[in-house]
>>> print(open('input28.pdb').read())   # PDB, C-alpha atoms, pLDDT in the B column
MODEL        1
ATOM      1  CA  MET N 167     102.871 122.484  97.095  1.00 64.00           C
ATOM      2  CA  MET N 168      99.431 123.106  95.549  1.00 63.00           C
ATOM      3  CA  LYS N 169      98.624 125.678  98.242  1.00 69.00           C
ATOM      4  CA  ALA N 170     101.856 127.584  97.493  1.00 71.00           C
ATOM      5  CA  LYS N 171     101.155 127.578  93.744  1.00 77.00           C
ATOM      6  CA  LEU N 172      97.621 128.812  94.348  1.00 74.00           C
ATOM      7  CA  ALA N 173      98.942 131.614  96.574  1.00 76.00           C
ATOM      8  CA  GLU N 174     101.490 132.569  93.885  1.00 78.00           C
ATOM      9  CA  LEU N 175      98.788 132.680  91.219  1.00 80.00           C
ATOM     10  CA  ASP N 176      96.519 134.705  93.494  1.00 78.00           C
ATOM     11  CA  ALA N 177      99.311 137.224  94.198  1.00 78.00           C
ATOM     12  CA  ALA N 178     100.099 137.497  90.476  1.00 78.00           C
ATOM     13  CA  LEU N 179      96.419 138.137  89.699  1.00 78.00           C
ATOM     14  CA  TYR N 180      96.311 140.713  92.483  1.00 77.00           C
ATOM     15  CA  PHE N 181      99.074 142.717  90.818  1.00 78.00           C
ATOM     16  CA  VAL N 182      97.246 142.528  87.481  1.00 75.00           C
ATOM     17  CA  VAL N 183      94.057 144.010  88.988  1.00 74.00           C
ATOM     18  CA  PHE N 184      95.397 146.255  91.789  1.00 71.00           C
ATOM     19  CA  CYS N 185      95.745 149.831  90.656  1.00 65.00           C
ATOM     20  CA  PRO N 186      98.355 151.678  92.776  1.00 66.00           C
ATOM     21  CA  LYS N 187      97.981 155.030  90.997  1.00 69.00           C
ATOM     22  CA  PRO N 188      94.461 155.227  89.591  1.00 65.00           C
ATOM     23  CA  THR N 189      93.135 158.241  87.788  1.00 72.00           C
ATOM     24  CA  ASN N 190      90.775 160.355  89.901  1.00 71.00           C
ATOM     25  CA  TRP N 191      87.618 159.095  88.182  1.00 76.00           C
ATOM     26  CA  PHE N 192      88.738 155.447  88.431  1.00 77.00           C
ATOM     27  CA  ARG N 193      89.592 155.912  92.111  1.00 77.00           C
ATOM     28  CA  LEU N 194      86.162 157.468  92.769  1.00 83.00           C
ATOM     29  CA  ILE N 195      84.355 154.620  91.038  1.00 87.00           C
ATOM     30  CA  ALA N 196      86.352 151.923  92.876  1.00 83.00           C
ATOM     31  CA  LEU N 197      85.954 153.625  96.252  1.00 84.00           C
ATOM     32  CA  GLY N 198      82.247 154.280  95.606  1.00 87.00           C
ATOM     33  CA  LEU N 199      81.569 150.656  94.701  1.00 89.00           C
ATOM     34  CA  SER N 200      83.556 149.487  97.709  1.00 89.00           C
ATOM     35  CA  LYS N 201      81.689 151.798 100.078  1.00 88.00           C
ATOM     36  CA  SER N 202      78.313 150.746  98.627  1.00 87.00           C
ATOM     37  CA  GLY N 203      79.085 147.332 100.112  1.00 88.00           C
ATOM     38  CA  ASN N 204      79.710 148.656 103.638  1.00 88.00           C
ATOM     39  CA  GLY N 205      76.284 147.572 104.879  1.00 83.00           C
ATOM     40  CA  GLY N 206      74.361 150.775 105.568  1.00 81.00           C
ATOM     41  CA  LEU N 207      72.744 150.662 102.145  1.00 83.00           C
ATOM     42  CA  TYR N 208      71.574 147.105 102.835  1.00 86.00           C
ATOM     43  CA  VAL N 209      69.586 148.200 105.871  1.00 84.00           C
ATOM     44  CA  LEU N 210      67.968 151.166 104.071  1.00 85.00           C
ATOM     45  CA  VAL N 211      66.932 149.134 101.032  1.00 85.00           C
ATOM     46  CA  ALA N 212      65.553 146.282 103.173  1.00 85.00           C
ATOM     47  CA  ILE N 213      63.491 148.721 105.269  1.00 86.00           C
ATOM     48  CA  ALA N 214      62.223 150.530 102.159  1.00 86.00           C
ATOM     49  CA  CYS N 215      61.283 147.222 100.527  1.00 83.00           C
ATOM     50  CA  ALA N 216      59.500 146.002 103.662  1.00 84.00           C
ATOM     51  CA  LEU N 217      57.540 149.280 103.904  1.00 86.00           C
ATOM     52  CA  PHE N 218      56.683 149.894 100.257  1.00 85.00           C
ATOM     53  CA  LEU N 219      56.633 146.516  98.524  1.00 82.00           C
ATOM     54  CA  GLU N 220      54.262 144.853 100.989  1.00 82.00           C
ATOM     55  CA  GLN N 221      54.450 141.019 100.977  1.00 85.00           C
ATOM     56  CA  LEU N 222      57.319 140.910  98.478  1.00 82.00           C
ATOM     57  CA  GLY N 223      59.374 143.438 100.463  1.00 83.00           C
ATOM     58  CA  GLN N 224      58.684 141.751 103.760  1.00 87.00           C
ATOM     59  CA  GLN N 225      59.736 138.372 102.332  1.00 89.00           C
ATOM     60  CA  PHE N 226      62.924 139.985 100.994  1.00 89.00           C
ATOM     61  CA  ALA N 227      63.739 141.608 104.353  1.00 89.00           C
ATOM     62  CA  LEU N 228      63.143 138.335 106.197  1.00 91.00           C
ATOM     63  CA  THR N 229      65.314 136.426 103.725  1.00 93.00           C
ATOM     64  CA  VAL N 230      68.155 138.947 104.076  1.00 93.00           C
ATOM     65  CA  ILE N 231      68.007 138.802 107.871  1.00 92.00           C
ATOM     66  CA  LEU N 232      68.163 134.995 107.865  1.00 95.00           C
ATOM     67  CA  ALA N 233      70.911 134.931 105.219  1.00 96.00           C
ATOM     68  CA  PHE N 234      73.078 137.359 107.186  1.00 93.00           C
ATOM     69  CA  ALA N 235      72.382 135.392 110.382  1.00 95.00           C
ATOM     70  CA  ILE N 236      73.910 132.378 108.606  1.00 96.00           C
ATOM     71  CA  GLU N 237      76.713 134.275 106.844  1.00 95.00           C
ATOM     72  CA  ARG N 238      78.121 136.493 109.611  1.00 94.00           C
ATOM     73  CA  PRO N 239      79.189 133.724 112.046  1.00 96.00           C
ATOM     74  CA  LEU N 240      80.627 131.716 109.161  1.00 96.00           C
ATOM     75  CA  TYR N 241      82.473 134.797 107.880  1.00 95.00           C
ATOM     76  CA  PHE N 242      84.047 135.561 111.281  1.00 94.00           C
ATOM     77  CA  TYR N 243      84.997 131.927 111.816  1.00 96.00           C
ATOM     78  CA  LEU N 244      86.664 131.615 108.400  1.00 95.00           C
ATOM     79  CA  LYS N 245      88.333 135.022 108.598  1.00 93.00           C
ATOM     80  CA  ASN N 246      90.043 134.096 111.863  1.00 92.00           C
ATOM     81  CA  ARG N 247      90.658 130.483 110.855  1.00 93.00           C
ATOM     82  CA  PHE N 248      92.466 131.352 107.620  1.00 90.00           C
ATOM     83  CA  ALA N 249      94.091 134.481 109.125  1.00 87.00           C
ATOM     84  CA  ARG N 250      95.397 135.502 105.712  1.00 87.00           C
ATOM     85  CA  LEU N 251      97.116 138.866 105.811  1.00 87.00           C
ATOM     86  CA  ARG N 252      95.878 141.486 103.396  1.00 88.00           C
ATOM     87  CA  PRO N 253      97.988 142.181 100.305  1.00 86.00           C
ATOM     88  CA  CYS N 254      98.515 145.780 101.409  1.00 83.00           C
ATOM     89  CA  ASP N 255     100.192 144.363 104.539  1.00 83.00           C
ATOM     90  CA  CYS N 256     102.337 141.838 102.647  1.00 80.00           C
ATOM     91  CA  TYR N 257     103.735 143.949  99.837  1.00 81.00           C
ATOM     92  CA  ALA N 258     105.103 147.443  99.511  1.00 77.00           C
ATOM     93  CA  VAL N 259     101.774 148.791  98.254  1.00 79.00           C
ATOM     94  CA  LYS N 260      99.488 151.441  99.687  1.00 81.00           C
ATOM     95  CA  ALA N 261      95.807 150.569  99.764  1.00 79.00           C
ATOM     96  CA  LEU N 262      93.349 153.278  98.734  1.00 76.00           C
ATOM     97  CA  LEU N 263      91.421 152.799 101.990  1.00 82.00           C
ATOM     98  CA  THR N 264      91.964 151.472 105.473  1.00 84.00           C
ATOM     99  CA  PRO N 265      90.439 148.024 105.989  1.00 85.00           C
ATOM    100  CA  SER N 266      88.345 147.368 109.082  1.00 83.00           C
ATOM    101  CA  ASP N 267      90.435 144.361 110.158  1.00 86.00           C
ATOM    102  CA  LYS N 268      93.775 142.737 109.363  1.00 87.00           C
ATOM    103  CA  PHE N 269      92.703 139.545 107.585  1.00 90.00           C
ATOM    104  CA  SER N 270      91.535 139.201 104.000  1.00 88.00           C
ATOM    105  CA  LEU N 271      90.024 135.754 103.415  1.00 89.00           C
ATOM    106  CA  PRO N 272      87.090 135.710 102.755  1.00 94.00           C
ATOM    107  CA  SER N 273      86.029 139.155 101.606  1.00 95.00           C
ATOM    108  CA  GLY N 274      83.091 140.299 103.728  1.00 94.00           C
ATOM    109  CA  HIS N 275      82.164 143.031 101.248  1.00 94.00           C
ATOM    110  CA  SER N 276      82.016 140.484  98.449  1.00 96.00           C
ATOM    111  CA  ALA N 277      80.015 138.043 100.574  1.00 96.00           C
ATOM    112  CA  GLY N 278      77.566 140.732 101.637  1.00 95.00           C
ATOM    113  CA  ALA N 279      77.073 142.152  98.152  1.00 96.00           C
ATOM    114  CA  TRP N 280      76.436 138.746  96.583  1.00 97.00           C
ATOM    115  CA  LEU N 281      74.206 137.657  99.470  1.00 97.00           C
ATOM    116  CA  TYR N 282      72.122 140.804  99.129  1.00 95.00           C
ATOM    117  CA  ALA N 283      71.983 140.652  95.341  1.00 96.00           C
ATOM    118  CA  THR N 284      70.947 136.984  95.429  1.00 96.00           C
ATOM    119  CA  CYS N 285      68.135 137.663  97.923  1.00 94.00           C
ATOM    120  CA  LEU N 286      66.890 140.622  95.880  1.00 90.00           C
ATOM    121  CA  MET N 287      67.106 138.690  92.591  1.00 93.00           C
ATOM    122  CA  GLU N 288      64.903 136.007  94.141  1.00 91.00           C
ATOM    123  CA  GLN N 289      62.170 138.590  94.743  1.00 86.00           C
ATOM    124  CA  ILE N 290      62.724 140.775  91.654  1.00 86.00           C
ATOM    125  CA  PRO N 291      64.160 138.598  88.854  1.00 92.00           C
ATOM    126  CA  LEU N 292      64.083 141.484  86.359  1.00 94.00           C
ATOM    127  CA  ALA N 293      66.758 143.229  88.470  1.00 92.00           C
ATOM    128  CA  ALA N 294      69.170 140.277  88.175  1.00 95.00           C
ATOM    129  CA  PHE N 295      71.547 141.736  85.588  1.00 97.00           C
ATOM    130  CA  PRO N 296      72.126 145.127  87.271  1.00 96.00           C
ATOM    131  CA  LEU N 297      72.420 143.420  90.663  1.00 96.00           C
ATOM    132  CA  MET N 298      75.073 141.024  89.346  1.00 97.00           C
ATOM    133  CA  ILE N 299      76.960 143.954  87.795  1.00 96.00           C
ATOM    134  CA  TRP N 300      76.839 145.831  91.121  1.00 95.00           C
ATOM    135  CA  ALA N 301      77.911 142.815  93.213  1.00 96.00           C
ATOM    136  CA  SER N 302      80.739 142.089  90.764  1.00 96.00           C
ATOM    137  CA  GLY N 303      81.782 145.740  90.978  1.00 94.00           C
ATOM    138  CA  VAL N 304      81.858 145.662  94.778  1.00 95.00           C
ATOM    139  CA  SER N 305      83.956 142.482  94.672  1.00 94.00           C
ATOM    140  CA  LEU N 306      86.381 143.734  92.027  1.00 91.00           C
ATOM    141  CA  SER N 307      86.720 147.106  93.757  1.00 92.00           C
ATOM    142  CA  ARG N 308      88.116 145.394  96.860  1.00 92.00           C
ATOM    143  CA  VAL N 309      91.062 144.128  94.789  1.00 90.00           C
ATOM    144  CA  ILE N 310      91.453 147.403  92.900  1.00 88.00           C
ATOM    145  CA  VAL N 311      91.703 149.419  96.125  1.00 88.00           C
ATOM    146  CA  GLY N 312      94.338 147.003  97.420  1.00 87.00           C
ATOM    147  CA  VAL N 313      92.718 145.268 100.403  1.00 90.00           C
ATOM    148  CA  HIS N 314      91.923 141.806  98.951  1.00 91.00           C
ATOM    149  CA  TYR N 315      93.391 139.157  96.719  1.00 90.00           C
ATOM    150  CA  PRO N 316      91.181 137.878  93.863  1.00 92.00           C
ATOM    151  CA  LEU N 317      90.619 134.530  95.600  1.00 92.00           C
ATOM    152  CA  ASP N 318      89.329 136.391  98.695  1.00 94.00           C
ATOM    153  CA  VAL N 319      86.531 137.991  96.702  1.00 95.00           C
ATOM    154  CA  VAL N 320      85.706 134.835  94.731  1.00 95.00           C
ATOM    155  CA  LEU N 321      85.334 132.825  97.938  1.00 96.00           C
ATOM    156  CA  GLY N 322      83.404 135.682  99.560  1.00 97.00           C
ATOM    157  CA  ALA N 323      81.018 135.803  96.598  1.00 97.00           C
ATOM    158  CA  ALA N 324      80.490 132.032  96.699  1.00 97.00           C
ATOM    159  CA  MET N 325      79.837 132.187 100.435  1.00 97.00           C
ATOM    160  CA  GLY N 326      77.330 135.036 100.003  1.00 97.00           C
ATOM    161  CA  VAL N 327      75.422 133.240  97.243  1.00 98.00           C
ATOM    162  CA  ALA N 328      75.414 129.978  99.246  1.00 98.00           C
ATOM    163  CA  CYS N 329      74.116 131.634 102.436  1.00 97.00           C
ATOM    164  CA  ALA N 330      71.428 133.528 100.523  1.00 97.00           C
ATOM    165  CA  SER N 331      70.395 130.368  98.676  1.00 97.00           C
ATOM    166  CA  LEU N 332      70.164 128.450 101.938  1.00 97.00           C
ATOM    167  CA  ALA N 333      67.973 131.178 103.467  1.00 96.00           C
ATOM    168  CA  ILE N 334      65.744 131.169 100.376  1.00 95.00           C
ATOM    169  CA  VAL N 335      65.337 127.377 100.583  1.00 95.00           C
ATOM    170  CA  ILE N 336      64.633 127.473 104.334  1.00 93.00           C
ATOM    171  CA  LEU N 337      62.000 130.193 104.016  1.00 91.00           C
ATOM    172  CA  GLY N 338      60.523 128.586 100.923  1.00 83.00           C
ATOM    173  CA  SER N 339      59.859 125.427 102.855  1.00 62.00           C
ATOM    174  CA  VAL N 340      58.161 127.217 105.773  1.00 54.00           C
TER     175      VAL N 340
ENDMDL
END
>>> encode(input="input28.pdb", output="structure tokens")
Amino acid sequence: MMKAKLAELDAALYFVVFCPKPTNWFRLIALGLSKSGNGGLYVLVAIACALFLEQLGQQFALTVILAFAIERPLYFYLKNRFARLRPCDCYAVKALLTPSDKFSLPSGHSAGAWLYATCLMEQIPLAAFPLMIWASGVSLSRVIVGVHYPLDVVLGAAMGVACASLAIVILGSV
């Protein structure tokens, strides 16, 4: 009963946030934020930090590698365990992009963005506010473009922060 009510609420929130006919500028922003969470940017920034920020950058790169080593197996396990179909596959709506797989819970883009932002905030606290804005934008964009429910991105964000925090604790104790 509770699970059904939660799913109903999540679907209702999805239709509040999802934008089936966005203006061109809104579509570009949502798609740009979504694509910034695809992963390629993570590799480039980690390499640049490791090369140019010396000890700080190397610690960041190591933390990100460990955090993703924790997060990725958990993500794949949960994604296949929950096997929640994407909203664009459940309703008569057209997503603004083609998702890479058929399941939605948890959001990998949201997990990755929050994991990365958390690791970077640990090393550069002054960047916390813009990083949180960016990670929130990546998460929200996944609902706006029609490939995730709000709960997918909330759980993805929590998972990303938890995995990053665990990596930070592990490396802090070494």
>>> resolve_selection(input="input28.pdb", expression="the PyMOL selection byres ((chain N and resi 286) around 10)", output="tab-separated table (two decimals) with C-alpha atoms, keeping the file's coordinate frame")
chain	number	residue	atom	x	y	z
N	211	VAL	CA	66.93	149.13	101.03
N	212	ALA	CA	65.55	146.28	103.17
N	215	CYS	CA	61.28	147.22	100.53
N	222	LEU	CA	57.32	140.91	98.48
N	223	GLY	CA	59.37	143.44	100.46
N	225	GLN	CA	59.74	138.37	102.33
N	226	PHE	CA	62.92	139.99	100.99
N	227	ALA	CA	63.74	141.61	104.35
N	229	THR	CA	65.31	136.43	103.72
N	230	VAL	CA	68.16	138.95	104.08
N	280	TRP	CA	76.44	138.75	96.58
N	281	LEU	CA	74.21	137.66	99.47
N	282	TYR	CA	72.12	140.80	99.13
N	283	ALA	CA	71.98	140.65	95.34
N	284	THR	CA	70.95	136.98	95.43
N	285	CYS	CA	68.14	137.66	97.92
N	287	MET	CA	67.11	138.69	92.59
N	288	GLU	CA	64.90	136.01	94.14
N	289	GLN	CA	62.17	138.59	94.74
N	290	ILE	CA	62.72	140.78	91.65
N	291	PRO	CA	64.16	138.60	88.85
N	292	LEU	CA	64.08	141.48	86.36
N	293	ALA	CA	66.76	143.23	88.47
N	294	ALA	CA	69.17	140.28	88.18
N	297	LEU	CA	72.42	143.42	90.66
N	330	ALA	CA	71.43	133.53	100.52
>>> residues_near_point(input="input28.pdb", point="(97.2, 137.5, 112.1)", cutoff="7 Å", atoms="all atoms listed in the file", output="PDB file with C-alpha atoms, in the coordinates of the input")
ATOM      1  CA  ALA N 249      94.091 134.481 109.125  1.00 87.00           C
ATOM      2  CA  ARG N 250      95.397 135.502 105.712  1.00 87.00           C
ATOM      3  CA  LEU N 251      97.116 138.866 105.811  1.00 87.00           C
ATOM      4  CA  LYS N 268      93.775 142.737 109.363  1.00 87.00           C
ATOM      5  CA  PHE N 269      92.703 139.545 107.585  1.00 90.00           C
TER       6      PHE N 269
END
>>> closest_residue(input="input28.pdb", among="N:Leu317, N:Met298, N:Ala323, N:Leu263", to="Ser200 (chain N)", atoms="all atoms listed in the file")
N:Leu263
>>> residues_around(input="input28.pdb", residues="region 240-245 of chain N", least_positions_apart="2", cutoff="12 Å", atoms="only C-alpha atoms", output="PyMOL selection string")
chain N and resi 233-238+247-252+267-278+318+321-326+328-329
>>> resolve_selection(input="input28.pdb", expression="the PyMOL selection byres ((chain N and resi 253) around 12)", output="JSON, numbers by chain")
{"N": [173, 176, 177, 178, 179, 180, 181, 184, 250, 251, 252, 254, 255, 256, 257, 258, 259, 260, 261, 265, 268, 269, 270, 271, 308, 309, 310, 311, 312, 313, 314, 315, 316, 317, 318]}
>>> atom_distance(input="input28.pdb", atom1="CA of Asn246 (chain N)", atom2="CA of Ser331 (chain N)")
24.0 Å
>>> residues_around(input="input28.pdb", residues="Trp300 (chain N)", least_positions_apart="3", cutoff="9 Å", atoms="all atoms listed in the file", output="VMD selection string")
chain N and resid 199 279 to 280 283 295 to 297 303 to 305
>>> closest_residue(input="input28.pdb", among="N:Leu172, N:Leu197, N:Leu232, N:Leu210", to="Val335 (chain N)", atoms="all atoms listed in the file")
N:Leu232
>>> atom_distance(input="input28.pdb", atom1="CA of Leu332 (chain N)", atom2="CA of Leu306 (chain N)")
24.4 Å
>>> atom_distance(input="input28.pdb", atom1="CA of Ser202 (chain N)", atom2="CA of Ser307 (chain N)")
10.4 Å
